[in-house]
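What follows is upload29.txt (compact mmCIF, C-alpha atoms).
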```
# COMPACT_ATOMS: atom_id res chain seq x y z
CA MET Y 1 48.76 80.25 23.02
CA SER Y 2 45.90 81.55 25.09
CA ARG Y 3 47.88 80.84 28.25
CA LEU Y 4 50.82 82.91 26.98
CA LYS Y 5 48.53 85.82 26.27
CA LYS Y 6 47.21 85.69 29.78
CA PHE Y 7 50.72 85.69 31.22
CA LYS Y 8 51.75 88.67 29.16
CA LYS Y 9 48.87 90.69 30.40
CA THR Y 10 49.74 90.29 34.06
CA GLN Y 11 51.52 93.40 35.18
CA LEU Y 12 54.30 93.10 37.73
CA SER Y 13 53.68 95.22 40.79
CA ASP Y 14 56.48 97.56 41.94
CA ALA Y 15 59.01 95.92 44.29
CA ASP Y 16 58.52 97.45 47.70
CA ILE Y 17 60.05 96.72 51.09
CA PRO Y 18 57.63 97.47 53.87
CA THR Y 19 59.40 99.97 56.10
CA ALA Y 20 56.49 101.23 58.14
CA SER Y 21 57.45 99.24 61.23
CA PHE Y 22 61.18 100.03 61.00
CA SER Y 23 60.92 103.07 63.21
CA ASP Y 24 58.90 101.12 65.80
CA VAL Y 25 61.58 98.43 65.97
CA ALA Y 26 64.32 101.04 66.19
CA PHE Y 27 62.62 102.93 69.00
CA LEU Y 28 62.09 99.70 70.92
CA LEU Y 29 65.81 99.04 70.61
CA ASN Y 30 66.48 102.58 71.82
CA ILE Y 31 64.31 102.05 74.89
CA PHE Y 32 66.21 98.80 75.59
CA PHE Y 33 69.59 100.59 75.40
CA ILE Y 34 68.42 103.45 77.61
CA LEU Y 35 67.08 101.06 80.24
CA THR Y 36 70.13 98.80 80.29
CA ALA Y 37 72.68 101.62 80.30
CA THR Y 38 74.36 102.20 83.64
CA LEU Y 39 73.12 105.55 84.82
CA VAL Y 40 74.42 105.05 88.35
CA GLN Y 41 77.92 106.32 88.90
CA PRO Y 42 80.05 103.76 90.72
CA THR Y 43 81.25 104.46 94.25
CA GLY Y 44 84.64 103.67 95.73
CA PHE Y 45 87.94 105.37 96.42
CA HIS Y 46 91.24 105.93 94.67
CA ALA Y 47 94.16 104.23 96.34
CA ASP Y 48 97.53 105.31 95.04
CA ILE Y 49 99.61 102.49 96.42
CA PRO Y 50 103.34 103.13 96.20
CA ALA Y 51 105.05 100.23 94.43
CA GLY Y 52 107.94 99.44 96.76
CA GLU Y 53 110.41 96.68 96.14
CA GLN Y 54 110.46 93.73 98.48
CA GLY Y 55 112.91 94.07 101.32
CA GLN Y 56 113.12 97.84 100.95
CA ALA Y 57 114.19 99.24 104.28
CA GLN Y 58 111.82 101.48 106.18
CA GLU Y 59 113.66 104.76 106.65
CA GLN Y 60 111.34 106.43 109.12
CA LYS Y 61 108.62 105.34 111.47
CA MET Y 62 105.37 105.32 109.58
CA PRO Y 63 101.91 105.06 111.07
CA THR Y 64 100.89 101.41 110.89
CA VAL Y 65 97.47 99.82 110.79
CA ALA Y 66 97.37 96.09 111.44
CA LEU Y 67 94.32 93.93 110.80
CA SER Y 68 93.73 90.52 112.28
CA ALA Y 69 91.42 87.77 111.08
CA ASP Y 70 89.14 88.20 114.12
CA GLY Y 71 88.34 91.79 113.08
CA LYS Y 72 90.71 93.65 115.45
CA ILE Y 73 92.35 96.87 114.26
CA ILE Y 74 95.68 97.87 115.74
CA TYR Y 75 96.93 101.41 115.09
CA ASN Y 76 100.51 102.04 116.14
CA ASP Y 77 100.46 99.09 118.56
CA SER Y 78 97.19 100.01 120.28
CA PRO Y 79 93.82 98.41 119.51
CA VAL Y 80 91.23 100.83 118.13
CA SER Y 81 87.77 100.75 116.59
CA MET Y 82 87.09 101.89 113.02
CA LYS Y 83 85.61 105.15 114.36
CA GLN Y 84 88.68 105.83 116.49
CA LEU Y 85 90.99 105.06 113.57
CA ARG Y 86 89.08 107.52 111.39
CA ALA Y 87 89.35 110.22 114.07
CA MET Y 88 93.06 109.56 114.70
CA LEU Y 89 93.94 109.72 111.00
CA ARG Y 90 91.96 112.93 110.57
CA GLU Y 91 93.81 114.36 113.55
CA ALA Y 92 97.12 113.50 111.88
CA ASP Y 93 96.27 116.05 109.14
CA LEU Y 94 97.77 113.90 106.37
CA PRO Y 95 96.72 116.00 103.33
CA ASN Y 96 98.97 118.87 104.47
CA LYS Y 97 102.05 116.68 104.77
CA LEU Y 98 104.70 115.72 102.23
CA PRO Y 99 103.90 112.56 100.20
CA ASP Y 100 106.49 110.52 102.14
CA SER Y 101 104.91 111.47 105.45
CA ARG Y 102 101.42 110.68 104.20
CA THR Y 103 102.11 106.98 103.81
CA VAL Y 104 100.24 104.65 106.14
CA LEU Y 105 101.42 101.06 106.35
CA LEU Y 106 98.67 98.48 106.14
CA THR Y 107 99.43 94.99 107.27
CA ALA Y 108 97.19 92.02 107.84
CA SER Y 109 97.61 88.66 109.43
CA GLY Y 110 95.76 85.44 108.73
CA ASN Y 111 92.81 85.23 106.41
CA VAL Y 112 91.48 88.76 106.72
CA PRO Y 113 88.45 89.11 104.43
CA TYR Y 114 88.43 91.83 101.79
CA GLN Y 115 85.53 93.61 103.56
CA ASP Y 116 87.78 94.58 106.54
CA TYR Y 117 90.66 95.48 104.27
CA PHE Y 118 88.44 97.62 102.03
CA GLU Y 119 86.91 99.51 104.94
CA THR Y 120 90.33 100.26 106.43
CA MET Y 121 91.77 101.33 103.07
CA SER Y 122 88.79 103.63 102.49
CA VAL Y 123 89.32 105.25 105.91
CA ILE Y 124 93.04 105.81 105.18
CA SER Y 125 92.32 107.19 101.69
CA SER Y 126 89.54 109.50 102.85
CA ALA Y 127 91.88 110.89 105.52
CA GLY Y 128 94.35 111.77 102.73
CA GLY Y 129 96.81 108.96 103.39
CA LEU Y 130 98.69 106.81 100.91
CA VAL Y 131 98.25 103.11 101.57
CA ALA Y 132 101.40 101.04 101.57
CA ILE Y 133 100.84 97.32 101.81
CA MET Y 134 103.29 95.40 103.93
CA ARG Y 135 103.42 91.73 103.06
CA GLU Y 136 105.30 88.83 104.50
CA PRO Y 137 107.68 87.33 101.97
CA ARG Y 138 106.27 84.25 100.27
CA LYS Y 139 107.39 80.94 101.61
CA GLU Y 140 108.98 78.76 98.94
CA ALA Y 141 107.55 75.27 98.69
CA GLY Y 142 109.46 72.73 100.71
CA LYS Y 143 111.36 75.30 102.74
CA MET A 1 28.80 131.92 46.01
CA ARG A 2 32.21 130.97 47.20
CA ARG A 3 33.24 127.41 47.18
CA ARG A 4 34.78 126.12 50.34
CA ARG A 5 38.26 124.75 50.00
CA ARG A 6 38.68 121.17 51.08
CA LYS A 7 41.03 120.87 54.00
CA ALA A 8 43.94 118.49 53.51
CA ASP A 9 44.10 115.52 55.88
CA PRO A 10 46.42 116.16 58.82
CA TYR A 11 49.60 114.24 58.24
CA VAL A 12 52.71 113.71 60.36
CA PRO A 13 55.76 112.97 58.22
CA THR A 14 57.30 109.79 59.66
CA THR A 15 59.57 108.68 56.86
CA SER A 16 62.75 109.89 58.57
CA MET A 17 61.77 108.61 62.03
CA GLY A 18 63.39 105.23 61.38
CA ASP A 19 66.62 106.87 60.23
CA ILE A 20 66.76 109.05 63.35
CA ALA A 21 66.07 106.05 65.59
CA PHE A 22 68.80 103.96 63.98
CA LEU A 23 71.26 106.83 64.32
CA LEU A 24 70.39 106.98 68.02
CA ILE A 25 71.00 103.23 68.33
CA ILE A 26 74.42 103.56 66.69
CA PHE A 27 75.21 106.41 69.11
CA PHE A 28 74.25 104.30 72.14
CA MET A 29 76.22 101.29 70.91
CA VAL A 30 79.35 103.32 70.30
CA CYS A 31 79.16 105.21 73.59
CA SER A 32 78.28 102.40 75.95
CA ASN A 33 80.67 100.15 77.82
CA PHE A 34 79.21 96.70 77.65
CA ALA A 35 79.23 94.87 80.96
CA LYS A 36 82.23 92.57 81.02
CA GLU A 37 81.58 91.23 84.49
CA ALA A 38 78.00 90.17 83.90
CA SER A 39 78.80 86.50 84.44
CA GLN A 40 80.91 87.00 87.58
CA LYS A 41 79.32 86.44 90.95
CA LEU A 42 80.61 88.85 93.54
CA LYS A 43 79.22 90.72 96.50
CA PRO A 44 80.94 94.11 96.77
CA PRO A 45 82.25 95.29 100.15
CA LYS A 46 80.61 98.18 101.98
CA ALA A 47 82.17 101.25 103.59
CA ALA A 48 81.09 104.66 104.83
CA ASP A 49 83.88 106.78 103.34
CA LEU A 50 83.18 106.28 99.65
CA GLN A 51 82.83 108.84 96.92
CA LYS A 52 81.53 108.79 93.37
CA ILE A 53 84.30 107.94 90.96
CA GLN A 54 84.62 108.12 87.21
CA GLU A 55 84.50 104.79 85.39
CA SER A 56 87.66 103.59 83.74
CA SER A 57 88.06 101.25 80.78
CA ILE A 58 90.44 98.90 82.62
CA SER A 59 88.91 96.51 85.09
CA VAL A 60 90.27 93.81 87.37
CA SER A 61 87.99 91.68 89.51
CA ILE A 62 87.99 88.71 91.84
CA ASP A 63 84.79 86.68 92.25
CA GLU A 64 83.52 84.83 95.31
CA GLN A 65 85.43 81.69 94.31
CA GLY A 66 88.69 83.64 94.18
CA LEU A 67 88.97 83.54 90.38
CA ILE A 68 90.86 86.53 88.97
CA TYR A 69 89.66 88.44 85.90
CA ILE A 70 91.10 91.21 83.78
CA GLN A 71 88.77 92.94 81.31
CA GLY A 72 86.27 90.15 82.02
CA ALA A 73 88.66 87.34 81.03
CA ASN A 74 89.79 84.78 83.59
CA VAL A 75 93.56 84.72 84.22
CA PRO A 76 95.58 82.17 86.22
CA ASP A 77 97.50 84.40 88.64
CA GLU A 78 98.62 87.89 89.67
CA GLN A 79 101.57 87.76 87.25
CA ALA A 80 99.11 87.85 84.36
CA ILE A 81 97.41 90.86 85.98
CA GLU A 82 100.71 92.71 86.20
CA TYR A 83 101.56 92.08 82.54
CA GLY A 84 97.98 92.79 81.44
CA VAL A 85 97.68 96.10 83.28
CA GLU A 86 101.14 97.14 82.13
CA ALA A 87 100.18 96.50 78.51
CA LEU A 88 96.85 98.29 78.84
CA ILE A 89 98.25 101.47 80.39
CA LYS A 90 101.42 101.55 78.30
CA ASP A 91 100.52 104.56 76.18
CA ARG A 92 98.35 106.33 78.72
CA ALA A 93 99.87 109.31 80.41
CA THR A 94 96.89 110.73 82.28
CA GLU A 95 95.84 109.70 85.77
CA GLN A 96 92.41 108.68 84.50
CA GLY A 97 94.03 106.53 81.82
CA ARG A 98 96.08 104.67 84.43
CA THR A 99 93.10 104.06 86.71
CA VAL A 100 92.14 100.42 87.17
CA MET A 101 88.69 99.59 88.49
CA PHE A 102 89.19 96.93 91.12
CA LYS A 103 86.21 94.86 92.23
CA CYS A 104 86.51 92.03 94.70
CA ASP A 105 84.05 89.87 96.59
CA LYS A 106 83.89 90.89 100.24
CA SER A 107 84.61 87.39 101.54
CA VAL A 108 87.78 86.77 99.51
CA PRO A 109 90.77 86.09 101.80
CA ARG A 110 93.93 88.17 101.94
CA GLU A 111 96.10 85.53 100.23
CA VAL A 112 94.08 86.03 97.05
CA PHE A 113 93.46 89.79 96.79
CA GLU A 114 96.69 91.19 98.25
CA PRO A 115 98.98 89.90 95.47
CA VAL A 116 96.51 91.23 92.87
CA ILE A 117 96.46 94.73 94.42
CA GLU A 118 100.25 94.64 94.56
CA ALA A 119 100.47 93.53 90.93
CA ILE A 120 98.29 96.44 89.79
CA SER A 121 100.41 99.00 91.65
CA LYS A 122 103.61 97.35 90.41
CA ALA A 123 102.36 97.72 86.84
CA GLY A 124 101.84 101.43 87.43
CA GLY A 125 98.08 101.42 87.81
CA ILE A 126 96.10 103.61 90.16
CA ILE A 127 93.57 101.47 91.99
CA ALA A 128 89.97 102.58 92.11
CA ALA A 129 88.56 100.16 94.65
CA MET A 130 84.85 99.71 94.06
CA GLY A 131 82.30 99.10 96.76
CA ASP A 132 78.82 100.01 97.93
CA PRO A 133 78.15 102.87 100.31
CA LEU A 134 77.15 101.81 103.81
CA LYS A 135 73.50 102.61 104.49
CA GLU A 136 71.82 103.21 107.84
CA ASN A 137 70.18 99.75 107.69
CA ASP A 138 73.56 98.04 107.24
CA LYS A 139 74.95 99.34 110.51
```
Go ahead and express the file in the form of structure tokens.
Amino acid sequence: MSRLKKFKKTQLSDADIPTASFSDVAFLLNIFFILTATLVQPTGFHADIPAGEQGQAQEQKMPTVALSADGKIIYNDSPVSMKQLRAMLREADLPNKLPDSRTVLLTASGNVPYQDYFETMSVISSAGGLVAIMREPRKEAGK
Amino acid sequence: MRRRRRKADPYVPTTSMGDIAFLLIIFFMVCSNFAKEASQKLKPPKAADLQKIQESSISVSIDEQGLIYIQGANVPDEQAIEYGVEALIKDRATEQGRTVMFKCDKSVPREVFEPVIEAISKAGGIIAAMGDPLKENDK
């Protein structure tokens, strides 16, 4: 009996969720998001590559850039450096030409690494040219 | 004799700080593009003629081992890239909507990246080739 009396007397305290540190946690999360967000704008170039069908005949003579695995650049059958290629393409005044005349054929032989390809494509694009990739047809297995 | 009034303790109301902070978190989470290529190992190529470009929501990448990814998921070949890009840009009419961010390791050979580039253009995508600007020290 005495025990029951004691129990009855105990007053329940108000239920309370401690929220004092909520804002601290939230601001820490904010700082994390701000720091991990990519503030740096990516760099590159837009290459609008015309999607031609395989075997499509070349109607007119287009300027051609050929890359070889040993790093040589050949522009219209003559070897050039990257600087010379840039100057020659700028001289061609591609942005003021019709879209068909702005196309520059890009062809590569052997295992040309992407670095060489990328640099050449960026030079063509910055000169206002449209890159058209010329590929050899795939060899069927066993043929 | 006048009694001096007791000054109230200075108090900064902080009850709504948590709410504001959580709203900011929700804003950041909704607005951010989470890195899909975090696990891919690739060294980007470098060139002098690069410009700042706007990020697009479609991404295709090739890592140093020659593995091909679309939206961060590994795919077996360029055919999957063509179908994937085609499906992603299906209802997008703007040029920005059709832009595909293309990242490739600088050492990847032509046999690997050329079919992928071709597949993207075949699907109707505009390639935004990503790379790092060439610095004076790199020359």
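Note that CA of Pro79 in chain Y and CA of Pro109 in chain A are 21.8 Å apart.
Taking all atoms listed in the file into account, chain A lies nearest to Y:Ala47 out of the set Y:Met88, Y:Leu105, Y:Ala47, Y:Leu98.
Taking CA of Leu35 in chain Y and CA of Ile58 in chain A as endpoints, the distance between them is 23.6 Å.
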Which residue of A:Val75, A:Ala128, A:Ala80, A:Leu42 approaches chain Y most closely, using all atoms listed in the file: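 Looking at the shortest contact to chain Y, the residue is A:Ala128.
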Output the contact residues of chain Y with respect to chain A at a cut-off of 9 Å, based on all atoms listed in the file, as a short mmCIF file (atom, residue, chain, number, x, y, z; two decimals) with C-alpha atoms, in the frame of the given file.
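Listing of iface_36.cif after writing:
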```
data_model
loop_
_atom_site.label_atom_id
_atom_site.label_comp_id
_atom_site.auth_asym_id
_atom_site.auth_seq_id
_atom_site.Cartn_x
_atom_site.Cartn_y
_atom_site.Cartn_z
CA THR Y 19 59.40 99.97 56.10
CA ALA Y 20 56.49 101.23 58.14
CA SER Y 21 57.45 99.24 61.23
CA PHE Y 22 61.18 100.03 61.00
CA SER Y 23 60.92 103.07 63.21
CA ASP Y 24 58.90 101.12 65.80
CA VAL Y 25 61.58 98.43 65.97
CA ALA Y 26 64.32 101.04 66.19
CA PHE Y 27 62.62 102.93 69.00
CA LEU Y 29 65.81 99.04 70.61
CA ASN Y 30 66.48 102.58 71.82
CA PHE Y 33 69.59 100.59 75.40
CA ILE Y 34 68.42 103.45 77.61
CA ALA Y 37 72.68 101.62 80.30
CA THR Y 38 74.36 102.20 83.64
CA GLN Y 41 77.92 106.32 88.90
CA PRO Y 42 80.05 103.76 90.72
CA THR Y 43 81.25 104.46 94.25
CA GLY Y 44 84.64 103.67 95.73
CA PHE Y 45 87.94 105.37 96.42
CA HIS Y 46 91.24 105.93 94.67
CA ALA Y 47 94.16 104.23 96.34
CA ASP Y 48 97.53 105.31 95.04
CA ILE Y 49 99.61 102.49 96.42
CA PRO Y 50 103.34 103.13 96.20
CA ALA Y 51 105.05 100.23 94.43
CA GLY Y 52 107.94 99.44 96.76
CA GLU Y 53 110.41 96.68 96.14
CA ALA Y 108 97.19 92.02 107.84
CA SER Y 109 97.61 88.66 109.43
CA GLY Y 110 95.76 85.44 108.73
CA ASN Y 111 92.81 85.23 106.41
CA VAL Y 112 91.48 88.76 106.72
CA PRO Y 113 88.45 89.11 104.43
CA TYR Y 114 88.43 91.83 101.79
CA GLN Y 115 85.53 93.61 103.56
CA ASP Y 116 87.78 94.58 106.54
CA TYR Y 117 90.66 95.48 104.27
CA PHE Y 118 88.44 97.62 102.03
CA GLU Y 119 86.91 99.51 104.94
CA THR Y 120 90.33 100.26 106.43
CA SER Y 122 88.79 103.63 102.49
CA VAL Y 123 89.32 105.25 105.91
CA SER Y 125 92.32 107.19 101.69
CA SER Y 126 89.54 109.50 102.85
CA ILE Y 133 100.84 97.32 101.81
CA ARG Y 135 103.42 91.73 103.06
#
```
CA of Val131 in chain Y to CA of Tyr75 in chain Y, distance in Å rounded to a single decimal: 13.7 Å
I'd like the neighbourhood of Pro76 in chain A as a list in words, where a residue qualifies if any of its atoms comes within 12 Å (using only C-alpha atoms), though same-chain residues fewer than 3 positions away should be ignored. Ile62, Gly66, Leu67, Ile68, Tyr69, Ile70, Ala73, Gln79, Ala80, Ile81, Glu82, Gly84, Val112 and Val116 of chain A
